[in-house]
Amino acid sequence: MSGGAVIRSELVQKLCDDHPDLTGKEIERVVSAFFESVVDQLQAGGRVELRGFGAFSTRDRDARKGRNPRTGDSVDVDAKRVPYFKPGKEMRERLNV
């Protein structure tokens with residue numbers, strides 16, 4: 001898992017390789033439960049902190065005027081909540097070795 005993007009199935013496969021005592025279905029259930037828990041907490045307006053990794057939260061974006069890139073027309077963009085990730089100190093240090 002070096003370079004490029006990692007997709008969910010690659011994450012599951014890596015965990016299967018690292019934990020041969022668990023079945024693929026068990027690992028898939030754990031990964032699904034983890035992601036589901038993160039999304040549920042963010043939906044409820046909460047925050048998810050993983051020590052040494054970082055914290056997931058949401059931020060509010062105000063309504064604004066946007067532009068349709070195809071036609072150049074002005075369009076209204078509604079206010080919305082967007083996910084936000086703040087890396088932890090340990091992650092920042094490992095990335096900047």
# chains A, B, ... in the order shown; residues from 1 in each chain; ligands from 1

call {"tool": "residues_around", "arguments": {"residues": "segment 26-41 of chain A", "least_positions_apart": "5", "cutoff": "12 Å", "atoms": "only C-alpha atoms", "output": "list in words"}}
result
Arg8, Ser9, Glu10, Leu11, Val12, Gln13, Lys14, Leu15, Cys16, Asp17, Asp18, His19, Pro20, Asp21, Gly46, Arg47, Val48, Glu49, Leu50, Ala55, Phe56, Ser57, Thr58, Val82, Pro83, Tyr84 and Phe85 of chain A

call {"tool": "select_by_dssp", "arguments": {"residues": "chain A", "states": "helix (DSSP H, G or I)", "output": "PyMOL selection string"}}
result
chain A and resi 8-18+24-43+89-95

call {"tool": "closest_residue", "arguments": {"among": "A:Arg81, A:Gly54, A:Arg92, A:Asp62", "to": "Leu42 of chain A", "atoms": "only C-alpha atoms"}}
result
A:Arg81

call {"tool": "select_by_dssp", "arguments": {"residues": "chain A", "states": "strand (DSSP E or B)", "output": "PyMOL selection string"}}
result
chain A and resi 48-50+54-61+64-67+74-77+80-87

call {"tool": "residues_around", "arguments": {"residues": "Asp78 of chain A", "least_positions_apart": "3", "cutoff": "12 Å", "atoms": "only C-alpha atoms", "output": "PyMOL selection string"}}
result
chain A and resi 60-66+75+81

call {"tool": "write_last_selection", "arguments": {"atoms": "C-alpha atoms", "output": "CSV table (one decimal), in the first residue's frame"}}
result
chain,number,residue,atom,x,y,z
A,60,ASP,CA,-20.5,24.2,7.5
A,61,ARG,CA,-20.3,25.9,4.1
A,62,ASP,CA,-22.4,28.9,3.5
A,63,ALA,CA,-24.7,29.2,0.5
A,64,ARG,CA,-22.9,31.0,-2.4
A,65,LYS,CA,-23.0,31.9,-6.1
A,66,GLY,CA,-21.2,29.3,-8.2
A,75,VAL,CA,-25.9,29.1,-10.2
A,81,ARG,CA,-22.0,20.4,5.8
